[in-house]
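In what follows, a structure is listed as structure tokens, so that the remarks can point back to it.
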Amino acid sequence: MNVLVIGSGGREHALSWKLAASPLVTRLYCAPGNGGIAQVAECVALKPLDFDAIVAFCREKNIGFVMVGPEDPLVAGLVDRLDREGIKSFGPSAAAAQLEGSKGFTKDLCAEFGIPTAAYGRFSDAASAKAFVASNGAPIVVKADGLAAGKGVTVAETVAEADAAIDEIFAGRFGAAGAEVVVEEFLDGEEASFFALCDGKTVLPLATAQDHKRVFDGDKGPNTGGMGAYSPAPVLTPDLVARVMREIIEPTAAAMRARGTPFKGVFFAGLMITKKGPQLIEYNTRFGDPETQVLMTRLRSDLLPALIACHDGALDRIALDWKDEVALTVVMAAKGYPGDYEKDTEIKGLDRAGAVPDVQVFHAGTRADGGRILANGGRVLNVTATAATVAGAQAAAYEAVNLIDWPEGFCRRDIGWRAIERERQTA
Ligand code: AMP
Ligand code: GLY
């Protein structure tokens with residue numbers, strides 16, 4: 001079967017790398033791809049939101065399955081369009097992608113179906129949002145309703161900070177994504193992510209992960225798309241995973257079915273593990289970036305049959321086999337990220353780094369220029385290692401990082417610290 005992956009980040013490199021190893025794949029394409037993806041798939045210059053061009057390409061190349069990576073085309077209805085054209089794909093319909101596309105939608109669903117999440121209010125004007133803040137006090141959390149590339153959330157320590165965030169959203173900082181504001185209770189605990197596939201009915205747990213959102217060591221500095229991640233997340237014990245499935249994921253799948261918009265694709269649940277138990281922070285309705293890089297290096301089974309089963313409603317026939325090892329990924333970013341940064345700087349030493357045993361270097365934002373690899377984004381490389389322990393995976397990943405010659409790049413030096421501390425305590 002010919003397969004098309006949509007997207008251009010480290011997530012799509014990891015997915016393409018995994019799909020390229022599938023015996024079911026004849027030809028693998030990625031649109032638009034990047035300098036690293038080009039080593040495992042044929043990159044084609046299509047825009048993820050140009051649905052007409054994607055459909056035309058699928059017809060021309062006889063594409064049997066489309067794997068959609070990012071959220072924007074999902075929320076804009078790419079899967080609905082491909083369904084109408086009779087082309088199989090992975091991901092939710094636009095209606096089901098509202099779980100990521102609208103925080104208010106998800107909060108209301110949780111309230112209606114008893115899914116544990118922070119208490120909240122939805123507001124379409126600043127005065128009533130501020131009144132809610134005033135009556136609840138700080139700390140409190142202010143969120144733009146729609147897609148804001150991970151930047152629409154303020155965890156406010158003071159009422160003044162919350163009010164300023166409300167004003168900023170209604171002043172249009174996030175455009176249409178900020179037409180509404182969700183204000184919610186601050187949840188105290190440890191964060192972790194949980195991934196599960198769904199075919200509309202059956203839910204299949206995948207794995208757990210934790211990421212580092214802040215740009216600097218010690219989890220300091222501004223938020224980013226993620227500076228590193230590891231899987232599994234030690235905080236999510238098997239008992240807690242069972243609770244997450246029973247109290248959060250399965251009720252969500254049932255709720256979406258009950259509403260006539262069954263969810264197909266991957267639930268990426270952001271969780272806070274509180275004293276009361278796991279609470280949902282938010283859903284993403286696509287694979288995480290860089291979480292996918294650690295998930296795919298741990299997955300032993302072929303990924304493609306599971307993705308197709310989500311489309312076909314046949315997930316009850318799928319079982320996935322995972323390595324017991326830990327995977328850890330270090331994000332290398334261009335200096336200045338998440339602010340302004342330089343592009344087109346040359347990266348050397350990638351072959352040496354990739355030759356370190358049990359290491360995969362995924363490209364997040366690169367382009368090939370003849371034989372050279374140039375940086376082409378903020379987050380640029382995901383140096384990913386597997387080992388028996390988090391400490392071992394961290395050591396291997398940094399060994400590879402140290403072989404990469406890219407003076408204009410940087411990375412955090414402490415990815416996995418919390419899990420490594422736990423390992424030391426239990427050793
Ligand atoms: P989100 O985009 O909703 O995942 O929010 C981004 C980050 O803000 C999360 O990863 C949490 O670290 C933090 N956050 C969001 N909601 C809450 C909450 N209710 N309580 C505490 N922290 C939160
Ligand atoms: N790593 C967070 C995300 O993919 O949204």
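Just remember, in the structure tokens the first chain shown is A, the second B, etc., residues are 1-based per chain, and ligands are 1-based in the order shown.
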Margin query: If the limit is 12 Å from any atom of ligand 2, counting only C-alpha atoms and all ligand atoms, which residues qualify? Return them as a PyMOL selection string.
Written below: chain A and resi 9-12+69-71+100+147-151+191-195+209-214+223-230+267-270+282-294+329+331+379
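With only C-alpha atoms and all ligand atoms as the atoms that count, the set of residues no farther than 7 Å from ligand 1 is Ala118, Val141, Gly150, Gly152, Val153, Thr154, Val155, Glu184, Glu185, Phe186, Leu187, Asp188, Glu191, Gly270, Ile281 and Glu282 of chain A.
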Can you write just those residues out, N, CA and C atoms, as an mmCIF file, in the first residue's frame?
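Resulting contents of result_31.cif:
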```
data_model
loop_
_atom_site.group_PDB
_atom_site.id
_atom_site.type_symbol
_atom_site.label_atom_id
_atom_site.label_comp_id
_atom_site.auth_asym_id
_atom_site.auth_seq_id
_atom_site.Cartn_x
_atom_site.Cartn_y
_atom_site.Cartn_z
ATOM 1 N N ALA A 118 -10.654 20.299 36.131
ATOM 2 C CA ALA A 118 -10.732 21.486 36.994
ATOM 3 C C ALA A 118 -12.082 22.185 36.822
ATOM 4 N N VAL A 141 -6.256 29.769 36.415
ATOM 5 C CA VAL A 141 -5.714 29.537 35.074
ATOM 6 C C VAL A 141 -6.636 30.137 34.017
ATOM 7 N N GLY A 150 -0.195 26.213 21.678
ATOM 8 C CA GLY A 150 0.360 25.978 23.012
ATOM 9 C C GLY A 150 0.649 27.249 23.794
ATOM 10 N N GLY A 152 -1.689 29.782 24.496
ATOM 11 C CA GLY A 152 -2.904 30.460 24.949
ATOM 12 C C GLY A 152 -3.235 30.284 26.421
ATOM 13 N N VAL A 153 -2.304 29.704 27.209
ATOM 14 C CA VAL A 153 -2.618 29.400 28.611
ATOM 15 C C VAL A 153 -1.749 30.223 29.556
ATOM 16 N N THR A 154 -2.368 30.864 30.552
ATOM 17 C CA THR A 154 -1.623 31.561 31.599
ATOM 18 C C THR A 154 -1.988 30.956 32.944
ATOM 19 N N VAL A 155 -0.978 30.436 33.642
ATOM 20 C CA VAL A 155 -1.194 29.992 35.022
ATOM 21 C C VAL A 155 -0.877 31.213 35.881
ATOM 22 N N GLU A 184 -10.169 28.596 34.796
ATOM 23 C CA GLU A 184 -10.362 27.373 35.580
ATOM 24 C C GLU A 184 -9.504 27.303 36.827
ATOM 25 N N GLU A 185 -9.962 26.463 37.711
ATOM 26 C CA GLU A 185 -9.303 26.180 38.982
ATOM 27 C C GLU A 185 -7.875 25.710 38.726
ATOM 28 N N PHE A 186 -6.939 26.133 39.566
ATOM 29 C CA PHE A 186 -5.560 25.665 39.489
ATOM 30 C C PHE A 186 -5.471 24.265 40.091
ATOM 31 N N LEU A 187 -4.895 23.337 39.331
ATOM 32 C CA LEU A 187 -4.729 21.963 39.816
ATOM 33 C C LEU A 187 -3.299 21.770 40.278
ATOM 34 N N ASP A 188 -3.136 21.214 41.469
ATOM 35 C CA ASP A 188 -1.804 21.003 42.007
ATOM 36 C C ASP A 188 -1.447 19.527 41.864
ATOM 37 N N GLU A 191 2.356 16.547 36.341
ATOM 38 C CA GLU A 191 1.740 16.377 35.016
ATOM 39 C C GLU A 191 2.283 15.154 34.301
ATOM 40 N N GLY A 270 -3.610 15.344 28.393
ATOM 41 C CA GLY A 270 -2.735 16.010 29.348
ATOM 42 C C GLY A 270 -3.382 15.862 30.712
ATOM 43 N N ILE A 281 -6.378 17.803 32.126
ATOM 44 C CA ILE A 281 -6.056 19.220 31.865
ATOM 45 C C ILE A 281 -6.587 19.595 30.488
ATOM 46 N N GLU A 282 -6.262 18.772 29.508
ATOM 47 C CA GLU A 282 -6.738 19.063 28.152
ATOM 48 C C GLU A 282 -6.563 17.825 27.292
#
```
Margin query: I'd like the contact shell of range 239-249 of chain A - 12 Å cut-off, only C-alpha atoms, skipping same-chain residues fewer than 2 positions apart - returned as a PyMOL selection string.
Written below: chain A and resi 106+109-111+113-117+192-198+200-209+232-237+251-256+263+266-283
Next item on the list: Fewer than 3 positions away in the same chain doesn't count, so skip those; otherwise give me all residues within 10 Å of range 81-84 of chain A, counting only C-alpha atoms, as a PyMOL selection string.
Entry: chain A and resi 51-52+54-55+58+65-66+76-78+87-90+93-94+311
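Computed from the coordinates, the CA of Asp321 in chain A to CA of Val68 in chain A distance equals 22.8 Å.
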Note to self: Please identify the helix (DSSP H, G or I) residues within range 9-217 of chain A (assignment by DSSP from backbone atoms) and present them as a PyMOL selection string.
What the structure shows: chain A and resi 10-20+37-39+51-60+71-75+78-84+98-101+103-113+126-136+159-170+175-178
Residues from last step as file, C-alpha atoms, as an mmCIF file, in the first residue's frame:
```
data_model
loop_
_atom_site.group_PDB
_atom_site.id
_atom_site.type_symbol
_atom_site.label_atom_id
_atom_site.label_comp_id
_atom_site.auth_asym_id
_atom_site.auth_seq_id
_atom_site.Cartn_x
_atom_site.Cartn_y
_atom_site.Cartn_z
ATOM 1 C CA GLY A 10 9.894 15.555 14.516
ATOM 2 C CA ARG A 11 6.593 13.794 15.142
ATOM 3 C CA GLU A 12 6.188 13.169 11.431
ATOM 4 C CA HIS A 13 9.820 12.003 11.126
ATOM 5 C CA ALA A 14 9.226 9.468 13.907
ATOM 6 C CA LEU A 15 5.940 8.328 12.327
ATOM 7 C CA SER A 16 7.528 8.100 8.871
ATOM 8 C CA TRP A 17 10.521 6.202 10.277
ATOM 9 C CA LYS A 18 8.159 3.705 11.903
ATOM 10 C CA LEU A 19 5.901 3.385 8.849
ATOM 11 C CA ALA A 20 8.906 2.961 6.536
ATOM 12 C CA ILE A 37 12.126 12.680 6.648
ATOM 13 C CA ALA A 38 13.608 12.721 3.136
ATOM 14 C CA GLN A 39 15.870 9.855 4.246
ATOM 15 C CA PHE A 51 -7.075 19.743 0.708
ATOM 16 C CA ASP A 52 -7.673 19.863 -3.077
ATOM 17 C CA ALA A 53 -3.979 19.334 -3.769
ATOM 18 C CA ILE A 54 -3.773 16.519 -1.201
ATOM 19 C CA VAL A 55 -6.755 14.711 -2.758
ATOM 20 C CA ALA A 56 -5.292 15.130 -6.255
ATOM 21 C CA PHE A 57 -1.952 13.736 -5.068
ATOM 22 C CA CYS A 58 -3.665 10.745 -3.423
ATOM 23 C CA ARG A 59 -5.396 9.937 -6.716
ATOM 24 C CA GLU A 60 -2.233 10.369 -8.771
ATOM 25 C CA GLU A 71 -3.985 19.457 14.518
ATOM 26 C CA ASP A 72 -4.695 22.259 12.054
ATOM 27 C CA PRO A 73 -5.782 20.075 9.106
ATOM 28 C CA LEU A 74 -7.811 17.867 11.483
ATOM 29 C CA VAL A 75 -9.724 20.799 12.960
ATOM 30 C CA LEU A 78 -9.133 17.000 6.262
ATOM 31 C CA VAL A 79 -10.337 13.596 7.480
ATOM 32 C CA ASP A 80 -13.975 14.457 6.592
ATOM 33 C CA ARG A 81 -12.859 15.468 3.115
ATOM 34 C CA LEU A 82 -10.758 12.324 2.591
ATOM 35 C CA ASP A 83 -13.699 10.199 3.809
ATOM 36 C CA ARG A 84 -15.976 11.832 1.225
ATOM 37 C CA GLN A 98 -13.223 19.946 18.754
ATOM 38 C CA LEU A 99 -11.845 18.088 21.777
ATOM 39 C CA GLU A 100 -8.597 19.887 20.927
ATOM 40 C CA GLY A 101 -10.007 22.777 18.905
ATOM 41 C CA LYS A 103 -11.261 24.047 25.378
ATOM 42 C CA GLY A 104 -14.819 25.142 26.256
ATOM 43 C CA PHE A 105 -16.228 22.228 24.241
ATOM 44 C CA THR A 106 -14.111 19.757 26.201
ATOM 45 C CA LYS A 107 -14.905 21.324 29.581
ATOM 46 C CA ASP A 108 -18.655 21.154 28.850
ATOM 47 C CA LEU A 109 -18.317 17.521 27.745
ATOM 48 C CA CYS A 110 -16.474 16.674 30.977
ATOM 49 C CA ALA A 111 -19.132 18.433 33.046
ATOM 50 C CA GLU A 112 -21.961 16.633 31.245
ATOM 51 C CA PHE A 113 -20.405 13.177 31.518
ATOM 52 C CA ALA A 126 -13.739 40.433 29.906
ATOM 53 C CA ALA A 127 -15.988 41.796 32.684
ATOM 54 C CA SER A 128 -17.657 38.477 33.476
ATOM 55 C CA ALA A 129 -14.359 36.559 33.201
ATOM 56 C CA LYS A 130 -12.783 38.977 35.680
ATOM 57 C CA ALA A 131 -15.759 38.688 38.030
ATOM 58 C CA PHE A 132 -15.210 34.908 38.047
ATOM 59 C CA VAL A 133 -11.502 35.446 38.829
ATOM 60 C CA ALA A 134 -12.390 37.886 41.614
ATOM 61 C CA SER A 135 -14.762 35.448 43.262
ATOM 62 C CA ASN A 136 -12.339 32.511 43.042
ATOM 63 C CA VAL A 159 -5.604 38.171 40.292
ATOM 64 C CA ALA A 160 -3.855 41.030 38.464
ATOM 65 C CA GLU A 161 -1.967 38.555 36.292
ATOM 66 C CA ALA A 162 -5.192 36.711 35.490
ATOM 67 C CA ASP A 163 -6.955 39.982 34.600
ATOM 68 C CA ALA A 164 -4.061 40.978 32.322
ATOM 69 C CA ALA A 165 -4.249 37.601 30.536
ATOM 70 C CA ILE A 166 -8.003 38.049 30.038
ATOM 71 C CA ASP A 167 -7.470 41.538 28.575
ATOM 72 C CA GLU A 168 -4.745 40.252 26.272
ATOM 73 C CA ILE A 169 -6.939 37.467 24.891
ATOM 74 C CA PHE A 170 -9.921 39.767 24.293
ATOM 75 C CA GLY A 175 -7.247 36.124 16.875
ATOM 76 C CA ALA A 176 -10.409 34.061 16.551
ATOM 77 C CA ALA A 177 -8.996 31.474 19.003
ATOM 78 C CA GLY A 178 -9.507 34.107 21.724
#
```
Check: Pick from A:Pro238, A:Pro48, A:Gly218, A:Gly33: nearest to Arg412 in chain A, with only C-alpha atoms counted?
Finding: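 Of A:Pro238, A:Pro48, A:Gly218, A:Gly33, the one nearest Arg412 in chain A is A:Gly218, counting only C-alpha atoms.
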Notebook entry, point to check: So what do you get for CA of Ala179 in chain A versus CA of Asp125 in chain A, distance-wise?
Noted result: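 Answer for the CA of Ala179 in chain A to CA of Asp125 in chain A separation: 8.5 Å.
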Item checked: Pick from A:Val44, A:Ala95, A:Leu315, A:Gly378 nearest to Arg259 in chain A, counting only C-alpha atoms -> A:Ala95
Margin query: For the structure I just gave you, how does DSSP split range 204-409 of chain A - specifically, which residues are strand (DSSP E)? Reply as an MDAnalysis selection string.
Written below: chainID A and resid 204:211 214:216 220:223 228:231 264:274 277:284 326:334 346:347 359:363 366:369 372:375 379:387 409
All residues 7 Å or closer to Asn382 in chain A, only C-alpha atoms, same chain fewer than 2 positions away omitted, as a PDB file with N, CA and C atoms, in the first residue's frame:
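Final file, around_13.pdb:
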```pdb
ATOM      1  N   GLY A  10       9.260  16.738  13.961  1.00  0.00           N
ATOM      2  CA  GLY A  10       9.894  15.555  14.516  1.00  0.00           C
ATOM      3  C   GLY A  10       8.888  14.430  14.700  1.00  0.00           C
ATOM      4  N   THR A 329      13.983  11.684  24.715  1.00  0.00           N
ATOM      5  CA  THR A 329      14.398  12.531  23.596  1.00  0.00           C
ATOM      6  C   THR A 329      14.783  13.920  24.081  1.00  0.00           C
ATOM      7  N   VAL A 330      15.891  14.409  23.529  1.00  0.00           N
ATOM      8  CA  VAL A 330      16.380  15.761  23.831  1.00  0.00           C
ATOM      9  C   VAL A 330      16.132  16.609  22.587  1.00  0.00           C
ATOM     10  N   VAL A 331      15.433  17.734  22.782  1.00  0.00           N
ATOM     11  CA  VAL A 331      15.174  18.637  21.655  1.00  0.00           C
ATOM     12  C   VAL A 331      16.346  19.602  21.521  1.00  0.00           C
ATOM     13  N   MET A 332      16.918  19.674  20.322  1.00  0.00           N
ATOM     14  CA  MET A 332      17.897  20.729  20.029  1.00  0.00           C
ATOM     15  C   MET A 332      17.166  21.818  19.262  1.00  0.00           C
ATOM     16  N   VAL A 361      18.204  10.000  15.535  1.00  0.00           N
ATOM     17  CA  VAL A 361      18.116  11.453  15.487  1.00  0.00           C
ATOM     18  C   VAL A 361      16.968  11.816  14.543  1.00  0.00           C
ATOM     19  N   PHE A 362      15.865  12.296  15.119  1.00  0.00           N
ATOM     20  CA  PHE A 362      14.731  12.734  14.299  1.00  0.00           C
ATOM     21  C   PHE A 362      14.873  14.220  14.011  1.00  0.00           C
ATOM     22  N   HIS A 363      14.484  14.590  12.789  1.00  0.00           N
ATOM     23  CA  HIS A 363      14.569  16.005  12.401  1.00  0.00           C
ATOM     24  C   HIS A 363      13.214  16.667  12.619  1.00  0.00           C
ATOM     25  N   ALA A 364      13.235  17.807  13.314  1.00  0.00           N
ATOM     26  CA  ALA A 364      11.991  18.526  13.593  1.00  0.00           C
ATOM     27  C   ALA A 364      11.845  19.733  12.675  1.00  0.00           C
ATOM     28  N   THR A 384      17.070  10.982  20.221  1.00  0.00           N
ATOM     29  CA  THR A 384      16.223  10.039  20.949  1.00  0.00           C
ATOM     30  C   THR A 384      16.986   8.756  21.245  1.00  0.00           C
TER      31      THR A 384
END
```
Margin query: Between A:Arg300, A:Lys143, A:Arg257, A:Lys220, which residue has the minimum interatomic distance to Ala21 in chain A, considering only C-alpha atoms?
Written below: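 Closest to Ala21 in chain A of all the choices is A:Arg300.
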